[in-house]
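Chemist: If it helps, the file is called run_16.txt and holds compact mmCIF, C-alpha atoms:
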# COMPACT_ATOMS: atom_id res chain seq x y z
CA MET A 528 87.25 16.87 -49.10
CA ASP A 529 86.13 13.49 -47.84
CA ARG A 530 86.26 14.80 -44.29
CA ILE A 531 84.02 17.70 -45.26
CA VAL A 532 81.48 15.37 -46.92
CA LYS A 533 81.47 13.06 -43.85
CA SER A 534 80.98 16.04 -41.59
CA LEU A 535 78.01 17.22 -43.67
CA ASP A 536 76.47 13.74 -43.62
CA SER A 537 76.93 13.57 -39.89
CA TYR A 538 75.34 16.98 -39.50
CA LYS A 539 72.35 15.99 -41.66
CA LYS A 540 71.82 12.84 -39.56
CA SER A 541 71.96 14.90 -36.38
CA ILE A 542 69.37 17.29 -37.78
CA GLN A 543 67.12 14.38 -38.78
CA ASN A 544 67.46 12.76 -35.34
CA LEU A 545 66.66 16.08 -33.71
CA GLN A 546 63.54 16.44 -35.88
CA VAL A 547 62.42 12.90 -34.99
CA ASN A 548 62.99 13.52 -31.27
CA SER A 549 61.14 16.84 -31.49
CA GLY A 550 58.16 15.08 -33.05
CA GLN A 551 58.14 12.50 -30.29
CA VAL A 552 58.26 15.22 -27.65
CA VAL A 553 55.32 17.00 -29.27
CA LEU A 554 53.36 13.74 -29.38
CA ILE A 555 54.12 13.05 -25.73
CA LEU A 556 53.08 16.59 -24.80
CA VAL A 557 49.79 16.14 -26.71
CA LEU A 558 49.12 12.84 -24.92
CA ILE A 559 49.89 14.39 -21.52
CA THR A 560 47.59 17.30 -22.35
CA VAL A 561 44.76 14.96 -23.39
CA VAL A 562 45.17 12.87 -20.23
CA GLY A 563 45.28 16.01 -18.10
CA LEU A 564 42.14 17.39 -19.73
CA THR A 565 40.34 14.06 -19.26
CA VAL A 566 41.24 13.89 -15.58
CA GLY A 567 40.37 17.55 -15.09
CA LEU A 568 36.99 17.23 -16.80
CA SER A 569 36.26 14.09 -14.81
CA LEU A 570 37.04 15.89 -11.55
CA ILE A 571 34.92 18.86 -12.58
CA SER A 572 32.02 16.58 -13.56
CA ARG A 573 32.25 14.72 -10.26
CA THR A 574 32.37 17.97 -8.32
CA VAL A 575 29.31 19.28 -10.15
CA THR A 576 27.49 15.98 -9.48
CA ASP A 577 28.41 16.08 -5.78
CA VAL A 578 27.19 19.66 -5.50
CA ARG A 579 23.93 18.73 -7.24
CA ILE A 580 23.40 15.71 -4.97
CA SER A 581 24.15 17.78 -1.87
CA SER A 582 21.68 20.38 -3.03
CA GLN A 583 19.01 17.74 -3.68
CA ILE A 584 19.57 16.21 -0.24
CA GLU A 585 19.25 19.61 1.37
CA GLN A 586 16.10 20.43 -0.61
CA SER A 587 14.67 16.99 0.19
CA SER A 588 15.33 17.54 3.90
CA ARG A 589 13.58 20.91 3.74
CA ALA A 590 10.58 19.40 1.96
CA PHE A 591 10.38 16.59 4.51
CA SER A 592 10.57 19.06 7.40
CA ALA A 593 7.79 21.08 5.79
CA ALA A 594 5.64 17.94 5.49
CA GLU A 595 6.27 17.20 9.17
CA ALA A 596 5.17 20.74 10.04
CA GLY A 597 1.94 20.11 8.15
CA VAL A 598 1.34 16.93 10.16
CA GLU A 599 1.99 18.75 13.44
CA THR A 600 -0.46 21.46 12.45
CA ALA A 601 -3.14 18.90 11.60
CA LEU A 602 -2.56 17.05 14.88
CA GLN A 603 -3.39 20.21 16.83
CA GLY A 604 -7.08 19.75 16.21
CA ALA A 605 -7.88 19.48 12.52
CA GLN A 606 -11.14 17.59 11.97
CA VAL A 607 -11.85 14.88 9.41
CA GLY A 608 -12.55 16.51 6.05
CA SER A 609 -10.44 19.57 6.77
CA SER A 610 -7.35 20.70 4.88
CA GLY A 611 -4.91 23.54 5.04
CA SER A 612 -1.63 24.99 3.87
CA LEU A 613 1.19 26.90 5.48
CA ASN A 614 4.40 28.64 4.54
CA VAL A 615 7.05 26.93 6.63
CA THR A 616 9.90 29.12 5.37
CA ALA A 617 10.32 31.57 2.53
CA ASN A 618 11.14 28.66 0.20
CA THR A 619 9.05 25.76 1.54
CA THR A 620 5.32 25.16 1.86
CA ALA A 621 3.14 22.37 3.23
CA ASN A 622 -0.36 21.24 2.29
CA TYR A 623 -2.28 18.77 4.46
CA ASN A 624 -5.67 17.10 4.53
CA VAL A 625 -7.42 14.88 7.04
CA THR A 626 -9.54 11.97 5.86
CA MET A 627 -11.56 9.30 7.62
CA LEU A 628 -9.85 6.12 8.71
CA GLY A 629 -12.25 3.21 8.42
CA GLY A 630 -15.94 4.05 8.33
CA ASN A 631 -16.61 1.61 5.47
CA ASN A 632 -16.76 -2.11 4.73
CA SER A 633 -13.35 -2.42 3.11
CA VAL A 634 -10.45 -4.43 4.55
CA PHE A 635 -8.88 -2.70 7.53
CA THR A 636 -5.16 -3.49 7.85
CA TYR A 637 -2.69 -3.24 10.71
CA PRO A 638 1.11 -3.11 10.74
CA TYR A 639 3.26 -5.99 11.94
CA THR A 640 2.24 -6.78 15.51
CA GLU A 641 4.57 -8.40 18.02
CA THR A 642 3.57 -11.33 20.19
CA ASN A 643 1.22 -10.31 23.02
CA ASP A 644 0.76 -6.78 21.64
CA ILE A 645 -2.79 -5.68 20.95
CA GLN A 646 -4.56 -4.19 17.92
CA THR A 647 -7.90 -2.45 18.42
CA LEU A 648 -10.93 -2.44 16.14
CA TRP A 649 -13.68 -0.08 17.27
CA LEU A 650 -17.20 -1.46 16.94
CA ASN A 651 -18.93 1.75 18.01
CA SER A 652 -18.53 5.36 16.97
CA HIS A 653 -16.73 8.24 18.69
CA THR A 654 -17.75 11.82 19.30
CA ASN A 655 -14.93 14.23 20.11
CA GLU A 656 -12.70 11.17 20.58
CA ILE A 657 -15.05 9.75 23.25
CA LEU A 658 -16.69 6.36 22.66
CA ASP A 659 -20.44 6.84 22.16
CA GLU A 660 -21.55 3.39 23.40
CA SER A 661 -24.84 3.88 21.59
CA ALA A 662 -26.90 1.16 19.95
CA THR A 663 -27.53 3.36 16.91
CA ASN A 664 -23.91 3.42 15.75
CA SER A 665 -22.88 -0.01 17.01
CA TYR A 666 -21.72 -2.79 14.71
CA SER A 667 -24.36 -5.49 14.72
CA PRO A 668 -23.55 -8.59 16.84
CA SER A 669 -25.03 -10.74 14.07
CA SER A 670 -22.69 -9.31 11.40
CA SER A 671 -19.47 -11.23 10.82
CA LEU A 672 -15.88 -10.04 10.99
CA THR A 673 -13.20 -11.95 9.09
CA VAL A 674 -9.85 -11.73 10.84
CA CYS A 675 -6.85 -12.53 8.61
CA TRP A 676 -3.24 -12.96 9.67
CA GLY A 677 0.04 -14.53 8.69
CA SER A 678 2.18 -13.50 5.72
CA GLN A 679 2.77 -15.75 2.71
CA THR A 680 6.21 -14.19 2.15
CA THR A 681 7.38 -15.01 5.70
CA LYS A 682 5.42 -18.23 6.16
CA SER A 683 8.45 -20.16 7.38
CA THR A 684 8.63 -17.96 10.47
CA ASP A 685 4.99 -16.96 10.88
CA GLU A 686 3.09 -19.72 12.65
CA SER A 687 1.02 -17.48 14.89
CA ALA A 688 -2.38 -17.93 16.46
CA ILE A 689 -4.66 -15.15 17.69
CA GLU A 690 -6.87 -14.36 20.64
CA VAL A 691 -9.91 -12.14 20.05
CA SER A 692 -11.69 -10.21 22.81
CA ILE A 693 -15.00 -8.43 22.18
CA TYR A 694 -16.20 -5.89 24.74
CA TYR A 695 -19.92 -5.12 24.86
CA LYS A 696 -22.65 -3.95 27.19
CA ASP A 697 -26.27 -4.89 27.70
CA ALA A 698 -29.37 -2.70 27.87
CA GLY A 699 -28.88 -2.28 31.61
CA GLY A 700 -25.42 -0.78 31.18
CA GLN A 701 -23.48 -3.84 32.39
CA TYR A 702 -20.19 -4.50 30.62
CA TYR A 703 -19.07 -7.92 29.42
CA ILE A 704 -16.27 -9.51 27.46
CA ALA A 705 -16.41 -12.43 25.03
CA LYS A 706 -13.25 -14.24 24.00
CA GLY A 707 -12.17 -16.65 21.30
CA ALA A 708 -8.80 -18.23 20.43
CA TYR A 709 -7.94 -19.44 16.93
CA ASP A 710 -4.99 -21.44 15.66
CA PRO A 711 -4.29 -22.81 12.15
CA ASP A 712 -2.50 -25.80 13.74
CA PRO A 713 -3.98 -26.28 17.21
CA LEU A 714 -2.99 -29.95 17.54
CA THR A 715 0.65 -29.60 16.50
CA ARG A 716 1.61 -27.27 19.34
CA THR A 717 3.58 -28.68 22.23
CA PRO A 718 1.41 -29.21 24.16
CA PRO A 719 -1.71 -28.88 21.93
CA ASP A 720 -3.61 -25.70 22.77
CA ASN A 721 -7.07 -26.95 21.70
CA PHE A 722 -7.89 -23.56 20.15
CA THR A 723 -10.55 -23.35 17.44
CA GLN A 724 -9.16 -24.53 14.10
CA ALA A 725 -8.58 -21.55 11.78
CA GLU A 726 -8.62 -21.76 7.98
CA LYS A 727 -5.19 -21.91 6.33
CA ALA A 728 -5.60 -22.18 2.56
CA GLY A 729 -4.02 -18.74 2.08
CA GLY A 730 -4.79 -15.66 -0.01
CA TYR A 731 -7.34 -14.25 2.42
CA CYS A 732 -8.71 -10.70 2.83
CA GLY A 733 -7.79 -9.98 -0.76
CA GLY A 734 -4.09 -10.11 0.00
CA ASP A 735 -1.07 -11.98 1.30
CA TYR A 736 -2.62 -13.56 4.40
CA ARG A 737 -2.17 -17.26 5.23
CA PHE A 738 -4.87 -17.74 7.86
CA ARG A 739 -8.36 -16.50 8.60
CA GLN A 740 -11.21 -16.87 11.01
CA VAL A 741 -14.76 -15.66 10.41
CA ILE A 742 -16.09 -14.39 13.73
CA THR A 743 -19.71 -13.53 14.46
CA PRO A 744 -20.09 -11.95 17.94
CA THR A 745 -23.29 -13.88 18.59
CA SER A 746 -21.36 -17.14 18.10
CA LEU A 747 -19.14 -16.08 21.02
CA GLY A 748 -22.16 -15.63 23.24
CA VAL A 749 -22.92 -11.95 22.65
CA PRO A 750 -26.72 -11.45 22.74
CA SER A 751 -28.04 -10.05 19.46
CA GLY A 752 -29.59 -7.05 21.21
CA ASP A 753 -26.50 -5.94 23.13
CA ILE A 754 -24.19 -3.08 22.15
CA LEU A 755 -20.74 -3.87 20.77
CA LEU A 756 -17.94 -1.55 21.84
CA VAL A 757 -14.55 -2.77 20.67
CA MET A 758 -12.68 -5.84 19.45
CA ARG A 759 -9.09 -6.48 20.49
CA ILE A 760 -6.80 -8.86 18.58
CA GLN A 761 -3.69 -10.35 20.14
CA PRO A 762 -1.13 -12.48 18.25
CA LEU A 763 0.15 -15.55 20.09
CA PHE A 764 3.35 -17.62 19.70
CA SER A 765 4.87 -15.21 17.14
CA GLY A 766 4.40 -11.75 15.70
CA THR A 767 2.30 -11.35 12.59
CA VAL A 768 0.46 -8.97 10.28
CA LEU A 769 -3.28 -8.52 10.77
CA ALA A 770 -6.32 -7.46 8.78
CA VAL A 771 -10.07 -7.41 9.36
CA GLN A 772 -12.70 -7.65 6.62
CA PRO A 773 -16.15 -6.66 7.93
CA SER A 774 -19.40 -7.84 6.37
CA ALA A 775 -21.03 -4.49 7.19
CA THR A 776 -19.86 -0.90 7.58
CA LEU A 777 -17.39 -0.33 10.39
CA PRO A 778 -17.52 2.79 12.55
CA GLN A 779 -14.80 5.34 11.99
CA GLN A 780 -11.46 4.13 13.38
CA GLY A 781 -9.70 7.48 13.52
CA SER A 782 -8.18 9.80 10.94
CA LEU A 783 -5.51 9.69 8.25
CA ILE A 784 -3.35 12.80 7.90
CA THR A 785 -1.62 13.32 4.57
CA SER A 786 0.90 16.15 4.36
CA VAL A 787 2.94 17.21 1.31
CA GLY A 788 5.98 19.47 1.68
CA GLN A 789 7.42 21.26 -1.33
CA THR A 790 10.40 23.54 -1.92
CA SER A 791 10.66 26.40 -4.41
CA THR A 792 12.86 24.16 -6.59
CA GLY A 793 10.05 21.61 -6.98
CA ILE A 794 11.28 18.93 -4.57
CA VAL A 795 8.23 17.19 -3.01
CA ARG A 796 8.01 14.89 0.00
CA LYS A 797 4.84 13.22 1.34
CA ILE A 798 4.05 11.90 4.83
CA GLN A 799 1.00 9.92 5.97
CA VAL A 800 0.19 9.56 9.65
CA THR A 801 -2.55 7.39 11.13
CA GLN A 802 -4.21 8.86 14.21
CA GLY A 803 -6.34 6.27 15.94
CA TYR A 804 -8.54 6.79 18.95
CA LYS A 805 -7.07 6.35 22.40
CA SER A 806 -7.29 2.81 23.69
CA PHE A 807 -6.77 1.20 27.06
CA PRO A 808 -3.49 -0.64 27.84
CA THR A 809 -2.82 -4.30 27.12
CA LEU A 810 -3.04 -5.02 30.85
CA PHE A 811 -6.84 -4.67 30.68
CA ASP A 812 -7.03 -7.75 28.45
CA MET A 813 -5.23 -9.82 31.06
CA ALA A 814 -7.19 -8.71 34.14
CA LEU A 815 -10.39 -9.88 35.74
CA PHE A 816 -12.77 -7.24 37.11
CA CYS A 817 -15.73 -7.76 39.33
CA GLU A 818 -18.40 -5.58 40.87
CA ASN A 819 -19.43 -5.85 44.54
CA CYS A 820 -16.71 -8.42 45.16
CA SER A 821 -16.64 -9.93 48.63
CA HIS A 822 -12.84 -9.77 48.90
Show the structure stored in the file as structure tokens.

Modeler:
Amino acid sequence: MDRIVKSLDSYKKSIQNLQVNSGQVVLILVLITVVGLTVGLSLISRTVTDVRISSQIEQSSRAFSAAEAGVETALQGAQVGSSGSLNVTANTTANYNVTMLGGNNSVFTYPYTETNDIQTLWLNSHTNEILDESATNSYSPSSSLTVCWGSQTTKSTDESAIEVSIYYKDAGGQYYIAKGAYDPDPLTRTPPDNFTQAEKAGGYCGGDYRFRQVITPTSLGVPSGDILLVMRIQPLFSGTVLAVQPSATLPQQGSLITSVGQTSTGIVRKIQVTQGYKSFPTLFDMALFCENCSH
């Protein structure tokens, strides 16, 4: 009888242990399922995100290509004040407009200019991209031009000076050039360059410019009745940013093309291109020309 009771107790304990082990197995299976679902959902979410990003990149590329097509169309002969639109593909369109570059008395800015490169400021108007050379549309020799250069944010590396060349012609049709050189620290160069001392208090031309020089063509020897054509600005010693603030209205400097490409999904990309007038090479600023030379 005792053996039977012991056997029953042993059987009950085995059943209880089996129930406990079964519960642990179920719990482990639930945990594995939860972890598997979490990993699976994470992978699905990442895949969906990657697909969405890839689609956005593709749509962005299409919109950018459409904007480029608008620029190319405008460059083929669109005049200032004109605008247009085109269907680049079945799903992308481009809209462009051409506005005047310059033609006012606001600050005219240039991109970063390397040493010995040249930036051009037209002091007379153009017709069909040809310089007029007329007195009617010429900037007055007695009106000043404030040239600003040097960046406050890069002042430790921007210690540049500038050379300014003004081309003009007299009533008899003879061409001349007037030059000036300006340096914020003319005496600290090695050797000193003896350029005209430029102002260096900073914050010039309404922006982040360290140096400035107010230039009046007549002060460089240009007769007040002569016709200004163009001013050329050349950084010296180091590259720099440049700006010009006129005291009167400048002639038009070219055109600004703005093109916006858009896809059917609403992705928009915008491009702006500056189209200046054709200018002569830098070599012309370093050459001496004479008429009826004897050699």

Chemist: I want to know what sits within 12 Å of A:Ala662, based on only C-alpha atoms, with residues of the same chain fewer than 6 positions away left out; could you give that as a count of residues only?

Modeler: 15

Chemist: Between atom CA of A:Val634 and atom CA of A:Pro713, measure the distance and give it in Å to one decimal.

Modeler: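 Computing it gives 26.1 Å between the two atoms.
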
Chemist: So that I can see what lies close to A:Ala775, please list as a PyMOL selection string the residues with an atom at most 9 Å from it, counting only C-alpha atoms and leaving out residues fewer than 4 positions away in the same chain.

Modeler: chain A and resi 631-633+666-667+670-672

Chemist: What does the distance from atom CA of A:Gly748 to atom CA of A:Ser692 come to in Å, to one decimal?

Modeler: 11.8 Å

Chemist: With distances taken over only C-alpha atoms, which of A:Ser665, A:Ser581, A:Ser610, A:Gln772 is nearest to A:Tyr731?

Modeler: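 Distance minimum relative to A:Tyr731 lands on A:Gln772.
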
Chemist: Which residue gives the smallest distance to A:Ser612 among A:Leu556, A:Ile689, A:Met627, A:Ala594, with only C-alpha atoms counted?

Modeler: A:Ala594

Chemist: Let me make sure I understand: among A:Thr776, A:Gln701, A:Gln724, A:Asn655, which one has the smallest atom-to-atom distance to A:Tyr804 if we use only C-alpha atoms?

Modeler: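 Answer, going by the shortest atom-to-atom distance: A:Asn655.
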
Chemist: Which neighbours of stretch 760-762 of chain A fall inside 9 Å, counting all atoms listed in the file, when residues of the same chain fewer than 5 positions from it are skipped, and could you give them as a PyMOL selection string?

Modeler: chain A and resi 640-648+674+676+687-693+767-769

Chemist: Quick one: of A:Arg573, A:Tyr709, A:Leu658, A:Cys675, who's nearest to A:Val757, counting all atoms listed in the file?

Modeler: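 Comparing A:Arg573, A:Tyr709, A:Leu658, A:Cys675 against A:Val757, the winner is A:Leu658.
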
Chemist: Could you please determine the separation between atom CA of A:Ile704 and atom CA of A:Asp685 in Å, to one decimal place?

Modeler: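 Between atom CA of A:Ile704 and atom CA of A:Asp685 the gap is 28.0 Å.
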
Chemist: Please identify all polymer residues within 10 Å of A:Asp710, counting all atoms listed in the file, omitting same-chain residues fewer than 2 positions from it, and present them as a ChimeraX atom specification.

Modeler: /A:686-690,708,712-716,720-727,738-740,763
